[in-house]
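Since the structure comes first, as structure tokens, the remarks are kept for the end.
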Amino acid sequence: MSTLQWRKSSFSSGDGPNCVELAADPTGTPHLRESDDPEAVIATTPTALRAFLRAAKAGKFDRLTQ
């Protein structure tokens with residue numbers, strides 16, 4: 001996984017440990033990780049990632065952080 005080009009969320013603040021990072025491998029499979037535990041990587045499908053991002057943008061997970 002170290003060869004992946006990780007990108008941080010635009011909502012992440014600086015270089016702190018509270019960042020979600022995304023990368024795609026050569027086959028196009030998306031990978032997600034949290035910057036405070038970079039060895040824990042989740043691989044998903046583009047379709048599932050799009051559904052997750054749509055739900056997050058729509059606020060479907062907002063109550064989990066309250």
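To be explicit about the labels: the chains of the structure tokens are called A, B, and onward in the order shown, and within each one the residues are counted from 1, while ligands get numbers from 1 in the order they are shown.
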List every residue of chain A that DSSP, applied to the backbone of this structure, places in helix (DSSP H, G or I), and write the result as a ChimeraX atom specification. /A:46-57,62-65
Please identify every residue of stretch 2-41 of chain A that has at least one atom no farther than 10 Å from an atom of stretch 48-51 of chain A, counting only C-alpha atoms, and for each give the shortest atom pair and the distance in Å to one decimal, arranged by chain then increasing number, as a Markdown table.
| residue | atom | partner | partner_atom | distance |
| --- | --- | --- | --- | --- |
| A:Thr29 | CA | A:Leu49 | CA | 9.9 |
| A:Pro30 | CA | A:Leu49 | CA | 7.6 |
| A:His31 | CA | A:Leu49 | CA | 9.2 |
| A:Leu32 | CA | A:Leu49 | CA | 9.3 |
Subject >> Computed interatomic separation between atom CA of A:Pro26 and atom CA of A:Ala58 (Å) >> reply: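 Result for atom CA of A:Pro26 versus atom CA of A:Ala58: 29.8 Å, one decimal.
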Can you pull out the residues contacting A:Glu21? Cut-off 6 Å, using only C-alpha atoms, and skip same-chain residues under 2 positions away; I want them as an MDAnalysis selection string. chainID A and resid 6:8 32:33
Apply DSSP to the structure's backbone, then extract all residues of chain A labelled strand (DSSP E) and return them as a VMD selection string.
chain A and resid 7 to 8 20 to 24 30 to 34 41 to 43
With all heavy atoms kept, could you save the residues just selected as a short mmCIF file (atom, residue, chain, number, x, y, z; two decimals), in the first residue's frame?
data_model
loop_
_atom_site.label_atom_id
_atom_site.label_comp_id
_atom_site.auth_asym_id
_atom_site.auth_seq_id
_atom_site.Cartn_x
_atom_site.Cartn_y
_atom_site.Cartn_z
N ARG A 7 -4.38 10.93 -1.09
CA ARG A 7 -4.84 12.31 -1.10
C ARG A 7 -5.73 12.52 0.11
O ARG A 7 -6.60 11.70 0.40
CB ARG A 7 -5.63 12.61 -2.37
CG ARG A 7 -4.79 12.51 -3.61
CD ARG A 7 -5.52 12.96 -4.83
NE ARG A 7 -6.79 12.26 -4.95
CZ ARG A 7 -7.75 12.58 -5.80
NH1 ARG A 7 -7.60 13.60 -6.60
NH2 ARG A 7 -8.86 11.89 -5.86
N LYS A 8 -5.52 13.64 0.79
CA LYS A 8 -6.31 13.97 1.97
C LYS A 8 -7.60 14.66 1.58
O LYS A 8 -7.66 15.36 0.57
CB LYS A 8 -5.54 14.88 2.92
CG LYS A 8 -4.42 14.19 3.63
CD LYS A 8 -3.81 15.10 4.66
CE LYS A 8 -2.67 14.35 5.35
NZ LYS A 8 -2.14 15.09 6.46
N VAL A 20 -9.03 11.84 6.57
CA VAL A 20 -9.39 10.71 5.72
C VAL A 20 -8.59 10.85 4.45
O VAL A 20 -8.51 11.94 3.87
CB VAL A 20 -10.90 10.69 5.41
CG1 VAL A 20 -11.23 9.61 4.40
CG2 VAL A 20 -11.69 10.50 6.69
N GLU A 21 -7.97 9.76 4.01
CA GLU A 21 -7.17 9.79 2.80
C GLU A 21 -7.70 8.76 1.81
O GLU A 21 -8.15 7.68 2.21
CB GLU A 21 -5.71 9.50 3.13
CG GLU A 21 -5.11 10.54 4.06
CD GLU A 21 -3.70 10.21 4.48
OE1 GLU A 21 -3.40 9.03 4.74
OE2 GLU A 21 -2.88 11.15 4.54
N LEU A 22 -7.64 9.09 0.53
CA LEU A 22 -8.10 8.21 -0.54
C LEU A 22 -6.98 7.99 -1.53
O LEU A 22 -6.16 8.88 -1.77
CB LEU A 22 -9.28 8.84 -1.28
CG LEU A 22 -10.57 9.02 -0.51
CD1 LEU A 22 -11.53 9.90 -1.30
CD2 LEU A 22 -11.20 7.68 -0.23
N ALA A 23 -6.98 6.81 -2.14
CA ALA A 23 -6.04 6.49 -3.21
C ALA A 23 -6.69 5.44 -4.09
O ALA A 23 -7.59 4.71 -3.65
CB ALA A 23 -4.73 5.96 -2.64
N ALA A 24 -6.24 5.36 -5.32
CA ALA A 24 -6.70 4.31 -6.23
C ALA A 24 -5.48 3.51 -6.68
O ALA A 24 -4.43 4.09 -6.96
CB ALA A 24 -7.40 4.90 -7.43
N PRO A 30 -10.63 1.82 -5.36
CA PRO A 30 -10.40 2.86 -4.37
C PRO A 30 -10.01 2.27 -3.01
O PRO A 30 -10.51 1.22 -2.61
CB PRO A 30 -11.74 3.59 -4.26
CG PRO A 30 -12.67 2.96 -5.22
CD PRO A 30 -12.04 1.72 -5.72
N HIS A 31 -9.13 2.98 -2.31
CA HIS A 31 -8.68 2.59 -0.98
C HIS A 31 -8.86 3.80 -0.06
O HIS A 31 -8.61 4.93 -0.47
CB HIS A 31 -7.22 2.17 -0.99
CG HIS A 31 -6.96 0.97 -1.86
ND1 HIS A 31 -6.97 -0.31 -1.37
CD2 HIS A 31 -6.70 0.87 -3.17
CE1 HIS A 31 -6.72 -1.15 -2.36
NE2 HIS A 31 -6.56 -0.45 -3.46
N LEU A 32 -9.30 3.54 1.17
CA LEU A 32 -9.48 4.59 2.17
C LEU A 32 -8.66 4.24 3.40
O LEU A 32 -8.51 3.07 3.74
CB LEU A 32 -10.95 4.69 2.59
CG LEU A 32 -11.95 5.14 1.57
CD1 LEU A 32 -12.48 3.95 0.81
CD2 LEU A 32 -13.07 5.85 2.27
N ARG A 33 -8.18 5.27 4.08
CA ARG A 33 -7.51 5.07 5.36
C ARG A 33 -7.67 6.34 6.19
O ARG A 33 -7.97 7.41 5.68
CB ARG A 33 -6.04 4.73 5.19
CG ARG A 33 -5.17 5.89 4.72
CD ARG A 33 -3.74 5.46 4.56
NE ARG A 33 -2.89 6.60 4.20
CZ ARG A 33 -1.60 6.51 3.97
NH1 ARG A 33 -1.00 5.34 4.04
NH2 ARG A 33 -0.90 7.59 3.65
N GLU A 34 -7.45 6.18 7.48
CA GLU A 34 -7.44 7.32 8.39
C GLU A 34 -5.98 7.60 8.70
O GLU A 34 -5.21 6.69 8.99
CB GLU A 34 -8.21 6.96 9.66
CG GLU A 34 -8.55 8.15 10.49
CD GLU A 34 -9.48 7.80 11.62
OE1 GLU A 34 -10.25 6.85 11.52
OE2 GLU A 34 -9.42 8.50 12.63
N VAL A 41 -6.22 -0.12 6.02
CA VAL A 41 -6.70 0.35 4.72
C VAL A 41 -7.95 -0.44 4.33
O VAL A 41 -7.99 -1.66 4.48
CB VAL A 41 -5.60 0.19 3.64
CG1 VAL A 41 -6.11 0.59 2.28
CG2 VAL A 41 -4.37 1.00 4.03
N ILE A 42 -8.94 0.27 3.83
CA ILE A 42 -10.17 -0.35 3.37
C ILE A 42 -10.21 -0.23 1.85
O ILE A 42 -10.09 0.87 1.30
CB ILE A 42 -11.41 0.35 3.96
CG1 ILE A 42 -11.40 0.23 5.47
CG2 ILE A 42 -12.69 -0.21 3.35
CD1 ILE A 42 -12.47 1.07 6.15
N ALA A 43 -10.38 -1.35 1.17
CA ALA A 43 -10.57 -1.35 -0.28
C ALA A 43 -12.07 -1.49 -0.54
O ALA A 43 -12.77 -2.22 0.16
CB ALA A 43 -9.81 -2.49 -0.92
#
A:Leu53 proximity check over A:Ala40, A:Ser35, A:Cys19, A:Ser9, using only C-alpha atoms: winner is A:Ser9
Grab the atom CA of A:Thr3 to atom CA of A:Ala55 distance for me, in Å with one decimal place.
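Separation between atom CA of A:Thr3 and atom CA of A:Ala55: 29.2 Å.
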